[in-house]
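K.L.:
Pasting in a structure now, in C-alpha cells, and then I'll have a few things to ask.
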Amino acid sequence: MAARRIDALEGLRGVAVALVVLCHADIPGLGGAGWVGVNTFFVISGFIITHLLVREQEGRGRIALPAFFARRLLRLIPALVVMLAVMGLVVRQLVHRACLPGFIDEGLMALVQMHNWAAIYAWCPQQFLSHCWSLSIEWQFYLLWPLLLAATLRGPRGRGRAITATTALGLASLAWAWGLEQSGASFARIYGGTDTRITSILAGCLVGLWWRPDGLAGGRGWDLLAPLALLALAGECWWWSPGDAALHLGLHHPLATTAATLLVVILLRRPESWVGRLLAHPAPVWLGTISYGVYLWNYPIATILVAAVGCEDQEQARWWLILGAIPLSVLAGWLSWVAVERPCQRLRQRAHA
C-alpha cells in the first residue's frame, strides 16, 4: 500500500477520534459525532484488517491464525490494561472509594471484551468505561473473521467467494436487526449488539476484498463524490440521536456507513484529490496515529474529571471537558502510543515476519 494512501486513512481515523472526543465534551450540535466517529472507525478497521489478511493469503498461500490473534492481542490489550490500572487508582483517590468496585466490574467486562453485552443486559455499572463497547464488538468480530477468510480465499476465485460470503453475512445481519426491531428489542440491543452492528465493519471488509494496490487509479469523477460523503457524515453528526431503532436501521446506519465507505474508496482511488491531500496533512495523521490511546482515555478522563470537580451546571461541566478533558486525553493518548503501543507494534511486526 502506498505511503500516501496510508497517511490519508490515518488522517481519516484522526478526524473520527476527534468527532468522538467532541461528542464526549458535549459540544452543542454534535450529538451524533460519536456515532459517526465510531462507525467510521469500524469501516476503516474492516478495510485495513481484511486487506492485510488478503495480502497474507495471496502472498504466503495461507493465513497464519495464531500470529494474527497474537497481533490483535498486542494491539489492543496492553494499552487497555494500562488505562484500567491508572484510571482505577484515579477513581479511588479523586472520586470516591465506593465507586471502585463498580469500576472493577466494568473494567473486567472491558478486559474480556464483553462490554457491549454487559451494557445491553446491565451486567455491571455503566459509568466510567461506556466507550469500551465498540472495542468489544471489534474483538468479537475478529475472532471469527479470519476463519471465514481462510475458508473462502483459497484458489483462483477466492476473492469472489469471499465477497459473496461477506455480502451474505452483511445482509443477514441487517435482516436479523430488523427482525429484532419488529419484535420490540431495545435501541441499545440493536445499536450495541455484535450481531446487529457488524455491517459497518463488513462494509470496510468488502473494500479490502475489492481493492488491489496495483489497480488503476480512479478518474476525477470520484472527486465530485467526496463532498457528498462529507456532507452526509456532517449531517449525521447534527441529526442523529439515539432512541428510534427503526429510523436508525432504515436511514442513519446505511447513510453513515455508505458515506464512510465511499470516503475510504475515494482515498484509495484518488489519494491525490483535495480530500486525500487534506486528510494526509501531518496534523490529522498524527492524531490518527495516537487515536486508539485517545479513544481509550478520553471517556474515563471526561467522566472522572466532571465527578471530581463536582460540576452541577451543564455549561460549567462543558468548559471543564473542553479545557481539561480534551488536552489531557490527547496527552494520555500520545503517552500511550510512545510508552505502550509503539513498543508493542515492534512485537507485532515480528509476529508478522
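Identifiers in the C-alpha cells: chain A, B, ... in order shown; residue index from 1 per chain; ligand index from 1 in order shown.
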Using only C-alpha atoms, which residues sit within 8 Å of Ala332 in chain A once same-chain residues fewer than 2 positions away are excluded, as JSON, numbers by chain?
P.N.:
{"A": [293, 294, 297, 328, 329, 330, 334, 335, 336]}
K.L.:
Include N, CA and C atoms and write out the residues we just selected as a PDB file, in the first residue's frame.
P.N.:
```
ATOM      1  N   GLY A 293      -5.191   5.295  21.653  1.00  0.00           N
ATOM      2  CA  GLY A 293      -4.956   5.772  23.013  1.00  0.00           C
ATOM      3  C   GLY A 293      -5.873   6.908  23.397  1.00  0.00           C
ATOM      4  N   VAL A 294      -6.104   7.838  22.464  1.00  0.00           N
ATOM      5  CA  VAL A 294      -7.014   8.952  22.754  1.00  0.00           C
ATOM      6  C   VAL A 294      -8.414   8.423  23.029  1.00  0.00           C
ATOM      7  N   TRP A 297      -8.637   6.727  26.556  1.00  0.00           N
ATOM      8  CA  TRP A 297      -8.524   7.571  27.740  1.00  0.00           C
ATOM      9  C   TRP A 297      -9.576   8.663  27.830  1.00  0.00           C
ATOM     10  N   LEU A 328      -5.995  16.701  28.130  1.00  0.00           N
ATOM     11  CA  LEU A 328      -5.488  15.564  28.906  1.00  0.00           C
ATOM     12  C   LEU A 328      -5.622  14.259  28.118  1.00  0.00           C
ATOM     13  N   SER A 329      -6.698  14.115  27.364  1.00  0.00           N
ATOM     14  CA  SER A 329      -6.900  12.900  26.573  1.00  0.00           C
ATOM     15  C   SER A 329      -5.861  12.786  25.460  1.00  0.00           C
ATOM     16  N   VAL A 330      -5.578  13.902  24.802  1.00  0.00           N
ATOM     17  CA  VAL A 330      -4.568  13.881  23.740  1.00  0.00           C
ATOM     18  C   VAL A 330      -3.191  13.566  24.326  1.00  0.00           C
ATOM     19  N   TRP A 334      -1.013  10.245  23.475  1.00  0.00           N
ATOM     20  CA  TRP A 334       0.363  10.305  22.978  1.00  0.00           C
ATOM     21  C   TRP A 334       1.296   9.478  23.867  1.00  0.00           C
ATOM     22  N   LEU A 335       1.142   9.586  25.185  1.00  0.00           N
ATOM     23  CA  LEU A 335       1.962   8.794  26.094  1.00  0.00           C
ATOM     24  C   LEU A 335       1.697   7.304  25.910  1.00  0.00           C
ATOM     25  N   SER A 336       0.441   6.938  25.701  1.00  0.00           N
ATOM     26  CA  SER A 336       0.102   5.537  25.452  1.00  0.00           C
ATOM     27  C   SER A 336       0.793   5.032  24.201  1.00  0.00           C
TER      28      SER A 336
END
```
K.L.:
For Ala175 in chain A, list every protein, DNA or RNA residue within 10 Å, evaluated using only C-alpha atoms, and leave out those in the same chain fewer than 6 positions away; present the list as a compact mmCIF listing (two decimals) with N, CA and C atoms, in the first residue's frame.
P.N.:
```
# COMPACT_ATOMS: atom_id res chain seq x y z
N LEU A 169 -23.34 -12.27 4.67
CA LEU A 169 -23.28 -12.06 6.11
C LEU A 169 -23.82 -10.70 6.49
N GLU A 181 -35.93 -5.52 15.81
CA GLU A 181 -36.67 -4.27 15.96
C GLU A 181 -38.17 -4.52 15.90
N THR A 196 -25.80 -7.28 15.32
CA THR A 196 -26.57 -6.25 14.61
C THR A 196 -25.73 -5.06 14.17
```
K.L.:
Using only C-alpha atoms for the distances, tell me which of A:Gly288, A:Gly324, A:Pro227, A:Gly160 is nearest to Ala8 in chain A.
P.N.:
A:Gly288
K.L.:
Mind checking DSSP for range 272-331 of chain A and telling me the alpha helix (DSSP H) residues as a PyMOL selection string?
P.N.:
chain A and resi 274-279+282-289+291-309+314-320+326-331
K.L.:
What is the distance between CA of Leu209 in chain A and CA of Pro254 in chain A, in Å to one decimal?
P.N.:
19.8 Å
K.L.:
Please indicate the distance in Å from CA of Cys237 in chain A to CA of Gly34 in chain A, rounded to one decimal place.
P.N.:
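CA of Gly34 in chain A lies 7.7 Å from CA of Cys237 in chain A.
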K.L.:
Taking 4 positions as the minimum chain separation for residues in the same chain, which residues sit within 12 Å of Ile266 in chain A when counting only C-alpha atoms? Answer as number ranges by chain.
P.N.:
A: 5, 8-9, 12, 207, 211, 217-230, 259-262, 270-277, 279
K.L.:
Using only C-alpha atoms, which residue out of A:Arg348, A:Asn116, A:Ile6, A:Pro28 lies closest to Phe69 in chain A?
P.N.:
A:Arg348
K.L.:
So, counting only C-alpha atoms, which residue among A:Ser183, A:Gln316, A:Thr50, A:Asn39 is closest to Leu153 in chain A?
P.N.:
A:Thr50
K.L.:
So that I can see what lies close to Ser241 in chain A, please list as a PyMOL selection string the residues with an atom at most 9 Å from it, counting only C-alpha atoms and leaving out residues fewer than 3 positions away in the same chain.
P.N.:
chain A and resi 31-32+35+236-238+244+248
K.L.:
Can you tell me, as an MDAnalysis selection string, what residues are no more than 8 Å from Val81 in chain A when counting only C-alpha atoms, ignoring any on the same chain fewer than 4 positions away?
P.N.:
chainID A and resid 77 85 111
K.L.:
Kindly export the residues of the current selection with C-alpha atoms, as a PDB file, in the first residue's frame.
P.N.:
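Produced file again05.pdb, reproduced below:
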```pdb
ATOM      1  CA  ILE A  77      -4.830  -5.363  25.386  1.00  0.00           C
ATOM      2  CA  ALA A  85      -4.881   0.347  36.141  1.00  0.00           C
ATOM      3  CA  LEU A 111     -10.838  -6.588  29.597  1.00  0.00           C
TER       4      LEU A 111
END
```
